[in-house]
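Peer 1: Input structure: data-v5.txt, which contains compact mmCIF, C-alpha atoms.
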```
# COMPACT_ATOMS: atom_id res chain seq x y z
CA MET A 1 52.68 135.34 93.01
CA GLN A 2 56.12 134.71 94.43
CA LEU A 3 57.34 133.10 91.19
CA ARG A 4 55.98 136.05 89.19
CA SER A 5 57.79 138.49 91.50
CA ILE A 6 61.05 136.59 91.10
CA ALA A 7 60.65 136.52 87.32
CA LYS A 8 59.86 140.24 87.23
CA TRP A 9 62.85 140.97 89.47
CA GLY A 10 65.04 138.92 87.15
CA ARG A 11 63.82 140.82 84.10
CA ASN A 12 64.47 144.13 85.84
CA ILE A 13 68.01 143.08 86.72
CA THR A 14 68.58 142.03 83.11
CA LEU A 15 67.34 145.41 81.86
CA VAL A 16 69.54 147.27 84.34
CA LEU A 17 72.60 145.25 83.30
CA ALA A 18 71.84 145.82 79.63
CA ALA A 19 71.51 149.54 80.28
CA LEU A 20 74.82 149.61 82.14
CA ILE A 21 76.55 147.72 79.34
CA ALA A 22 75.07 150.09 76.76
CA ALA A 23 76.13 153.11 78.80
CA GLY A 24 79.63 151.71 79.17
CA TRP A 25 79.82 151.05 75.45
CA LEU A 26 78.77 154.60 74.63
CA ALA A 27 81.21 155.98 77.19
CA PHE A 28 84.24 153.98 76.08
CA VAL A 29 83.59 153.21 72.39
CA PRO A 30 82.99 156.50 70.57
CA ARG A 31 81.29 156.86 67.21
CA ALA A 32 83.17 158.33 64.28
CA LYS A 33 82.85 162.12 64.19
CA GLY A 34 84.79 162.75 61.00
CA PRO A 35 84.47 161.80 57.34
CA PRO A 36 86.00 158.50 56.20
CA TYR A 37 89.02 158.03 53.97
CA ALA A 38 89.22 156.15 50.67
CA PHE A 39 92.13 153.98 49.55
CA VAL A 40 93.86 155.37 46.44
CA ALA A 41 96.91 153.26 45.64
CA ALA A 42 99.81 151.22 47.00
CA TRP A 43 103.39 150.54 45.94
CA GLY A 44 106.26 148.32 47.00
CA GLU A 45 107.08 144.67 47.61
CA LYS A 46 109.65 142.73 49.60
CA GLY A 47 113.22 143.03 48.32
CA SER A 48 116.34 145.16 48.22
CA ALA A 49 116.08 146.80 44.79
CA PRO A 50 115.04 150.45 44.50
CA GLY A 51 111.31 150.69 45.20
CA GLN A 52 111.30 147.47 47.21
CA PHE A 53 111.28 147.21 51.01
CA ASP A 54 112.40 144.94 53.79
CA ASP A 55 110.38 145.88 56.88
CA PRO A 56 109.53 149.55 56.22
CA THR A 57 109.02 151.31 59.54
CA GLY A 58 108.78 155.08 59.23
CA ILE A 59 107.54 157.75 56.84
CA ALA A 60 107.61 161.50 56.36
CA VAL A 61 106.26 163.87 53.71
CA VAL A 62 107.76 167.18 52.64
CA GLY A 63 106.85 169.16 49.54
CA ASP A 64 105.93 166.65 46.84
CA GLU A 65 108.10 163.81 48.18
CA VAL A 66 107.59 160.81 50.47
CA TYR A 67 110.52 159.59 52.58
CA VAL A 68 110.39 155.97 53.79
CA ALA A 69 112.59 154.26 56.39
CA ASP A 70 113.48 150.92 54.80
CA SER A 71 114.74 149.45 58.05
CA ARG A 72 116.37 146.11 57.30
CA ASN A 73 117.87 147.49 54.10
CA GLY A 74 119.43 150.27 56.21
CA ARG A 75 118.36 153.12 53.97
CA ILE A 76 115.89 155.89 53.25
CA GLN A 77 113.97 155.77 49.97
CA VAL A 78 112.33 158.79 48.37
CA PHE A 79 109.25 158.70 46.10
CA ASP A 80 106.85 161.12 44.48
CA PHE A 81 103.20 161.12 45.55
CA ASP A 82 102.33 158.48 42.94
CA GLY A 83 104.95 156.05 44.24
CA ARG A 84 107.53 156.64 41.52
CA PHE A 85 111.04 156.04 42.88
CA ARG A 86 113.31 159.10 42.90
CA ARG A 87 116.43 158.30 44.95
CA LEU A 88 117.75 156.61 48.06
CA PHE A 89 120.49 157.20 50.61
CA GLY A 90 122.08 155.36 53.48
CA THR A 91 123.64 151.93 53.85
CA PRO A 92 123.63 149.53 56.81
CA GLY A 93 126.21 150.45 59.45
CA SER A 94 127.05 152.81 62.29
CA GLY A 95 129.14 155.51 60.63
CA PRO A 96 127.94 158.93 59.48
CA GLY A 97 125.42 158.50 56.69
CA GLN A 98 124.91 154.85 57.61
CA LEU A 99 121.81 153.57 59.33
CA GLY A 100 121.04 150.94 61.95
CA ARG A 101 117.35 150.06 61.70
CA PRO A 102 115.92 153.52 61.00
CA MET A 103 112.52 153.94 62.63
CA ASN A 104 110.10 156.87 62.70
CA LEU A 105 110.97 159.93 60.63
CA LYS A 106 110.22 163.61 61.03
CA VAL A 107 111.03 166.60 58.82
CA HIS A 108 111.66 170.08 60.23
CA GLU A 109 112.92 173.06 58.24
CA ARG A 110 113.99 170.84 55.35
CA ARG A 111 115.99 168.49 57.50
CA LEU A 112 115.13 164.83 57.98
CA TYR A 113 115.45 163.49 61.53
CA VAL A 114 115.94 159.72 61.76
CA ALA A 115 115.65 157.72 64.99
CA GLU A 116 118.09 154.80 64.75
CA TYR A 117 116.96 151.86 66.87
CA PHE A 118 120.15 149.79 66.59
CA ASN A 119 122.62 152.71 66.74
CA ASP A 120 121.02 154.40 69.78
CA ARG A 121 121.11 157.82 68.20
CA VAL A 122 119.29 160.40 66.09
CA GLN A 123 120.84 161.25 62.74
CA VAL A 124 119.99 164.42 60.84
CA PHE A 125 120.11 164.50 57.04
CA GLY A 126 119.61 167.14 54.41
CA LEU A 127 116.83 166.30 52.01
CA ASP A 128 119.51 165.46 49.45
CA GLY A 129 120.72 162.63 51.70
CA ARG A 130 123.81 164.29 53.17
CA SER A 131 124.43 163.39 56.81
CA LEU A 132 124.58 166.66 58.74
CA ARG A 133 124.94 165.63 62.38
CA ILE A 134 124.54 162.82 64.88
CA ILE A 135 122.87 163.30 68.26
CA GLY A 136 123.16 160.97 71.23
CA ARG A 137 125.00 157.76 72.09
CA PRO A 138 124.13 154.45 73.82
CA GLY A 139 123.28 154.61 77.52
CA ASN A 140 120.70 155.66 80.09
CA GLY A 141 122.10 158.99 81.16
CA PRO A 142 120.82 162.40 80.04
CA GLY A 143 121.24 162.76 76.31
CA GLU A 144 121.86 159.05 75.86
CA PHE A 145 119.47 156.57 74.24
CA SER A 146 118.53 152.93 74.26
CA ALA A 147 116.78 152.11 70.97
CA PRO A 148 115.09 155.46 70.20
CA GLY A 149 111.90 154.97 68.22
CA GLY A 150 110.95 158.48 67.14
CA VAL A 151 111.94 162.13 67.20
CA ALA A 152 110.19 165.48 66.86
CA VAL A 153 111.29 169.09 66.83
CA ALA A 154 109.78 171.81 69.03
CA PRO A 155 109.07 175.30 67.62
CA ASN A 156 112.28 176.62 69.24
CA GLY A 157 114.40 173.84 67.69
CA ASP A 158 114.60 171.58 70.75
CA LEU A 159 114.50 167.84 70.07
CA LEU A 160 112.00 165.44 71.63
CA VAL A 161 113.03 161.78 71.52
CA ALA A 162 111.07 158.63 72.40
CA ASP A 163 113.71 156.64 74.30
CA PHE A 164 112.18 153.16 73.99
CA TYR A 165 114.04 150.88 76.41
CA ASN A 166 114.78 153.73 78.84
CA GLN A 167 111.00 154.21 79.29
CA ARG A 168 111.15 157.96 78.87
CA VAL A 169 110.88 160.90 76.51
CA GLN A 170 113.83 163.26 76.47
CA ARG A 171 113.93 166.91 75.53
CA LEU A 172 117.27 168.13 74.25
CA GLY A 173 118.39 171.54 73.11
CA ALA A 174 119.10 172.01 69.42
CA ASP A 175 122.77 171.33 70.22
CA GLY A 176 121.92 168.07 72.02
CA THR A 177 122.18 169.45 75.56
CA PRO A 178 119.71 167.68 77.92
CA VAL A 179 116.83 169.92 79.06
CA ARG A 180 114.33 167.61 80.79
CA GLN A 181 112.61 164.25 80.54
CA TRP A 182 109.18 162.72 80.98
CA GLY A 183 109.00 159.36 82.74
CA GLU A 184 111.40 157.73 85.19
CA THR A 185 114.40 156.12 83.52
CA GLY A 186 113.95 152.37 83.25
CA LYS A 187 110.60 152.29 85.05
CA ILE A 188 107.46 150.96 83.36
CA GLY A 189 104.15 152.44 84.53
CA ILE A 190 100.53 152.82 83.47
CA TRP A 191 99.62 156.09 85.18
CA GLY A 192 99.73 159.53 83.63
CA GLY A 193 103.27 160.63 82.82
CA GLU A 194 104.60 157.07 82.96
CA PHE A 195 105.47 154.94 79.93
CA ASN A 196 105.50 151.36 78.74
CA TYR A 197 107.96 151.44 75.82
CA PRO A 198 107.26 154.80 74.15
CA THR A 199 107.65 154.49 70.39
CA ASP A 200 107.23 157.94 68.86
CA VAL A 201 106.59 161.63 69.51
CA ALA A 202 105.06 164.53 67.58
CA VAL A 203 104.60 168.24 68.26
CA GLY A 204 101.31 169.91 67.31
CA PRO A 205 100.92 173.39 65.82
CA ASP A 206 100.26 174.81 69.29
CA GLY A 207 103.36 173.19 70.79
CA THR A 208 101.59 170.25 72.45
CA LEU A 209 103.77 167.15 72.71
CA PHE A 210 102.02 163.91 71.75
CA VAL A 211 103.63 160.63 72.80
CA ALA A 212 102.82 157.21 71.34
CA ASP A 213 102.96 155.22 74.58
CA GLY A 214 103.40 151.97 72.70
CA TYR A 215 102.64 149.06 75.00
CA ASN A 216 100.33 151.11 77.19
CA ASP A 217 98.08 151.28 74.12
CA ARG A 218 97.48 155.00 74.40
CA ILE A 219 98.47 158.53 73.44
CA GLN A 220 99.65 160.96 76.10
CA ALA A 221 99.75 164.72 75.54
CA PHE A 222 102.01 167.11 77.45
CA SER A 223 102.95 170.74 77.46
CA LEU A 224 106.57 171.32 76.52
CA ALA A 225 107.02 172.68 80.05
CA GLY A 226 106.30 169.16 81.31
CA ALA A 227 102.64 169.10 82.41
CA LEU A 228 100.41 166.16 81.49
CA LEU A 229 97.46 167.58 79.57
CA ARG A 230 95.42 164.47 78.66
CA LYS A 231 95.63 160.86 77.59
CA TRP A 232 93.39 158.54 75.60
CA GLY A 233 93.08 154.98 74.38
CA GLY A 234 90.64 152.46 75.90
CA PRO A 235 88.90 152.81 79.28
CA PHE A 236 90.77 155.37 81.40
CA ALA A 237 93.83 155.04 79.10
CA ILE A 238 95.58 152.65 81.48
CA ASN A 239 96.86 149.83 79.28
CA ILE A 240 93.54 148.23 78.31
CA PHE A 241 93.79 147.22 74.67
CA GLY A 242 91.07 146.34 72.18
CA PRO A 243 89.85 146.67 68.58
CA PHE A 244 87.18 149.31 69.16
CA ASN A 245 87.07 152.93 68.01
CA GLY A 246 89.57 154.98 69.98
CA TRP A 247 91.25 151.91 71.51
CA PHE A 248 94.67 150.59 70.52
CA ALA A 249 96.67 147.39 70.36
CA THR A 250 100.21 148.84 70.47
CA VAL A 251 100.72 152.37 69.16
CA THR A 252 103.85 152.58 67.00
CA ASN A 253 103.69 156.07 65.53
CA VAL A 254 102.05 159.44 66.06
CA THR A 255 101.94 162.37 63.67
CA VAL A 256 100.05 165.67 63.55
CA ASP A 257 98.79 167.39 60.41
CA GLY A 258 98.70 171.13 59.77
CA GLN A 259 95.20 171.43 61.25
CA GLY A 260 96.24 169.76 64.50
CA HIS A 261 94.62 166.37 63.84
CA VAL A 262 96.46 163.47 65.45
CA PHE A 263 97.08 160.29 63.46
CA ALA A 264 98.22 157.15 65.28
CA ALA A 265 99.37 153.80 63.89
CA ASP A 266 97.44 151.02 65.64
CA PHE A 267 99.84 148.17 64.91
CA TYR A 268 98.04 144.98 65.93
CA ASN A 269 94.65 146.36 64.92
CA HIS A 270 96.01 146.85 61.39
CA ARG A 271 94.79 150.41 60.98
CA ILE A 272 95.53 154.12 61.29
CA GLN A 273 93.28 156.11 63.64
CA LYS A 274 92.59 159.85 63.38
CA PHE A 275 91.70 162.08 66.34
CA ALA A 276 91.08 165.71 67.14
CA ALA A 277 93.81 167.31 69.23
CA ASP A 278 91.71 166.77 72.37
CA GLY A 279 91.55 163.01 71.74
CA THR A 280 88.10 162.89 70.16
CA PHE A 281 87.94 159.92 67.78
CA LEU A 282 87.28 160.99 64.20
CA THR A 283 87.79 157.99 61.91
CA ALA A 284 89.99 155.00 61.09
CA LEU A 285 91.70 153.82 57.92
CA GLY A 286 92.21 150.19 56.97
CA ALA A 287 91.58 146.63 58.14
CA LYS A 288 93.58 143.41 58.37
CA GLY A 289 94.62 141.75 55.11
CA SER A 290 96.76 142.06 52.00
CA GLY A 291 94.25 143.48 49.55
CA PRO A 292 93.72 147.11 48.55
CA GLY A 293 93.19 149.26 51.63
CA GLN A 294 94.17 146.45 54.01
CA PHE A 295 97.19 146.28 56.28
CA ASP A 296 99.43 143.59 57.67
CA HIS A 297 100.36 145.68 60.74
CA ALA A 298 100.09 149.41 60.06
CA ILE A 299 103.22 150.89 61.61
CA ALA A 300 103.36 154.58 60.63
CA ALA A 301 101.63 157.39 58.74
CA ALA A 302 102.39 160.86 57.43
CA VAL A 303 100.07 163.56 56.09
CA ALA A 304 100.74 165.83 53.13
CA ASP A 305 99.73 169.49 53.05
CA ASP A 306 96.69 168.63 50.94
CA GLY A 307 95.49 166.07 53.53
CA THR A 308 96.61 162.95 51.65
CA VAL A 309 97.65 160.22 54.08
CA PHE A 310 100.58 157.93 53.33
CA ALA A 311 100.74 154.85 55.55
CA VAL A 312 103.42 152.19 56.04
CA ASP A 313 102.08 148.65 55.60
CA PHE A 314 104.82 146.83 57.52
CA GLY A 315 104.02 143.17 56.89
CA ASN A 316 103.02 143.70 53.26
CA ASN A 317 106.24 145.68 52.58
CA ARG A 318 104.45 148.53 50.87
CA ILE A 319 103.21 152.10 51.19
CA GLN A 320 99.53 152.96 50.95
CA LYS A 321 97.99 156.24 49.84
CA TRP A 322 94.61 157.44 51.15
CA ARG A 323 92.45 160.51 50.60
CA GLN A 324 89.50 161.81 52.55
CA ALA A 325 86.28 160.62 50.89
CA ARG A 326 84.21 163.31 49.26
CA PRO A 327 80.72 163.80 50.68
CA VAL A 328 77.81 162.56 48.59
CA LEU A 329 75.61 165.41 47.43
CA GLY A 330 72.13 165.12 48.86
CA GLY A 331 73.28 162.41 51.29
```
With the file now loaded, output its structure as structure tokens.
Peer 2:
Amino acid sequence: MQLRSIAKWGRNITLVLAALIAAGWLAFVPRAKGPPYAFVAAWGEKGSAPGQFDDPTGIAVVGDEVYVADSRNGRIQVFDFDGRFRRLFGTPGSGPGQLGRPMNLKVHERRLYVAEYFNDRVQVFGLDGRSLRIIGRPGNGPGEFSAPGGVAVAPNGDLLVADFYNQRVQRLGADGTPVRQWGETGKIGIWGGEFNYPTDVAVGPDGTLFVADGYNDRIQAFSLAGALLRKWGGPFAINIFGPFNGWFATVTNVTVDGQGHVFAADFYNHRIQKFAADGTFLTALGAKGSGPGQFDHAIAAAVADDGTVFAVDFGNNRIQKWRQARPVLGG
């Protein structure tokens, strides 16, 4: 009788543990709630000729054109939606119109904002490639940068900059005047409102600021007035990385489409993840590899007005094009 009781007790403990594991899985690994995407095409290869790349890092879409930060070549290349080369601008350097490792790109009111990692500044171009202005300089004071990774523009024209090594996000007026910052300068942290090498920023249609908190493996969302609204990525969004739905292994880019969906580049998981504005996981694009629809470190994405996603395949030195899969009738 005693042995039977022990065996029964053991089975009960096993069932309880299994239930707890299942509950934890359901709580922290969400199922896809949105339709999948289908790979359409890719273009590019390693090199320095037009249409070739050497470590592409950032991307933006405006009208019928795709702008790509070709970082080690120190230039921006422009393509049509089918990958046909149109023009390029920029050369390596630190003068106006020159670029020092351009990173994430954003377009606002037909101006291209380029975060320059090596030059510790943001440079603004016209869509024709003319350099219009330079914002910031090296340092850790207000309005200064240490390897900025991304930039966004608020509805009132203020600039939001992911200040990578300074462990903060800065808000500047349209003229570059410091307004406020999120995070304590130079301090790494895992709690809400703290950062571990922020890589990019984006502003949603409602004015919400989304921050790619790179090495914390999460997205943080703030009001432009400064309040933390929410955060997501792994259990409790406190720097726990993994390959599961809604988890990250270094977030290198964040962008928001016209419907408010949030797309995040999940670098070491070799994919792009899509979320609702509240952080609900919707779907993911890609897997590790070099074949069609595979990534060797997905580093950035941009979304066209028609919903087409263009993603930067860093290690494969190419751009990928994806469209949302059409539902199967009767399925």
Peer 1: Let me make sure I understand: among A:Phe275, A:Phe145, A:Tyr215, A:Tyr67, which one has the smallest atom-to-atom distance to A:Gly186 if we use all atoms listed in the file?
Peer 2: A:Phe145
Peer 1: Sorted by chain and rising residue number, list the residues of stretch 69-174 of chain A at most 12 Å from stretch 285-308 of chain A (counting all atoms listed in the file), each with its closest atom pair and distance in Å to one decimal, as JSON lines.
Peer 2:
```
{"residue": "A:Ala69", "atom": "CA", "partner": "A:Ala300", "partner_atom": "CA", "distance": 10.2}
{"residue": "A:Asp80", "atom": "CA", "partner": "A:Ala304", "partner_atom": "CA", "distance": 11.6}
{"residue": "A:Phe81", "atom": "CA", "partner": "A:Thr308", "partner_atom": "CA", "distance": 9.2}
{"residue": "A:Asp82", "atom": "CA", "partner": "A:Thr308", "partner_atom": "CA", "distance": 11.3}
{"residue": "A:Met103", "atom": "CA", "partner": "A:Ala300", "partner_atom": "CA", "distance": 9.4}
{"residue": "A:Asn104", "atom": "CA", "partner": "A:Ala300", "partner_atom": "CA", "distance": 7.4}
{"residue": "A:Leu105", "atom": "CA", "partner": "A:Ala302", "partner_atom": "CA", "distance": 9.2}
{"residue": "A:Lys106", "atom": "CA", "partner": "A:Ala302", "partner_atom": "CA", "distance": 9.0}
{"residue": "A:Val107", "atom": "CA", "partner": "A:Ala302", "partner_atom": "CA", "distance": 10.5}
{"residue": "A:Gly149", "atom": "CA", "partner": "A:Ala300", "partner_atom": "CA", "distance": 11.4}
{"residue": "A:Gly150", "atom": "CA", "partner": "A:Ala300", "partner_atom": "CA", "distance": 10.7}
```
Peer 1: With distances taken over only C-alpha atoms, which of A:Ile59, A:Ala147, A:Ala49, A:Ala237 is nearest to A:Val309?
Peer 2: A:Ile59
Peer 1: Counting only C-alpha atoms, I want the residues whose atoms come within 8 Å of (113.8, 163.4, 76.0) in the file frame, returned as an mmCIF file with C-alpha atoms, in the coordinates of the input.
Peer 2:
```
data_model
loop_
_atom_site.group_PDB
_atom_site.id
_atom_site.type_symbol
_atom_site.label_atom_id
_atom_site.label_comp_id
_atom_site.auth_asym_id
_atom_site.auth_seq_id
_atom_site.Cartn_x
_atom_site.Cartn_y
_atom_site.Cartn_z
ATOM 1 C CA GLY A 143 121.240 162.760 76.310
ATOM 2 C CA LEU A 159 114.500 167.840 70.070
ATOM 3 C CA LEU A 160 112.000 165.440 71.630
ATOM 4 C CA VAL A 161 113.030 161.780 71.520
ATOM 5 C CA ALA A 162 111.070 158.630 72.400
ATOM 6 C CA ASP A 163 113.710 156.640 74.300
ATOM 7 C CA ARG A 168 111.150 157.960 78.870
ATOM 8 C CA VAL A 169 110.880 160.900 76.510
ATOM 9 C CA GLN A 170 113.830 163.260 76.470
ATOM 10 C CA ARG A 171 113.930 166.910 75.530
ATOM 11 C CA LEU A 172 117.270 168.130 74.250
ATOM 12 C CA PRO A 178 119.710 167.680 77.920
ATOM 13 C CA VAL A 179 116.830 169.920 79.060
ATOM 14 C CA ARG A 180 114.330 167.610 80.790
ATOM 15 C CA GLN A 181 112.610 164.250 80.540
ATOM 16 C CA TRP A 182 109.180 162.720 80.980
#
```
Peer 1: If you measure from atom CA of A:Asp313 to atom CA of A:Thr91, what distance in Å do you get, rounded to one decimal?
Peer 2: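 Distance between the two atoms: 21.9 Å.
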Peer 1: One decimal, in Å: what's the spacing between atom CA of A:Gly47 and atom CA of A:Ser94?
Peer 2: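 Distance between the two atoms: 22.0 Å.
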Peer 1: Find the residue from A:Pro243, A:Pro155, A:Gly74, A:Pro142 that sits nearest to A:Asp54; use all atoms listed in the file when measuring.
Peer 2: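 Going through A:Pro243, A:Pro155, A:Gly74, A:Pro142 one by one, the smallest distance to A:Asp54 is for A:Gly74.
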Peer 1: Up to 9 Å from (123.5, 155.4, 56.9) in the file's coordinates: name the residues, counting only C-alpha atoms, as a VMD selection string.
Peer 2: chain A and resid 74 to 76 89 to 100 102 123 131
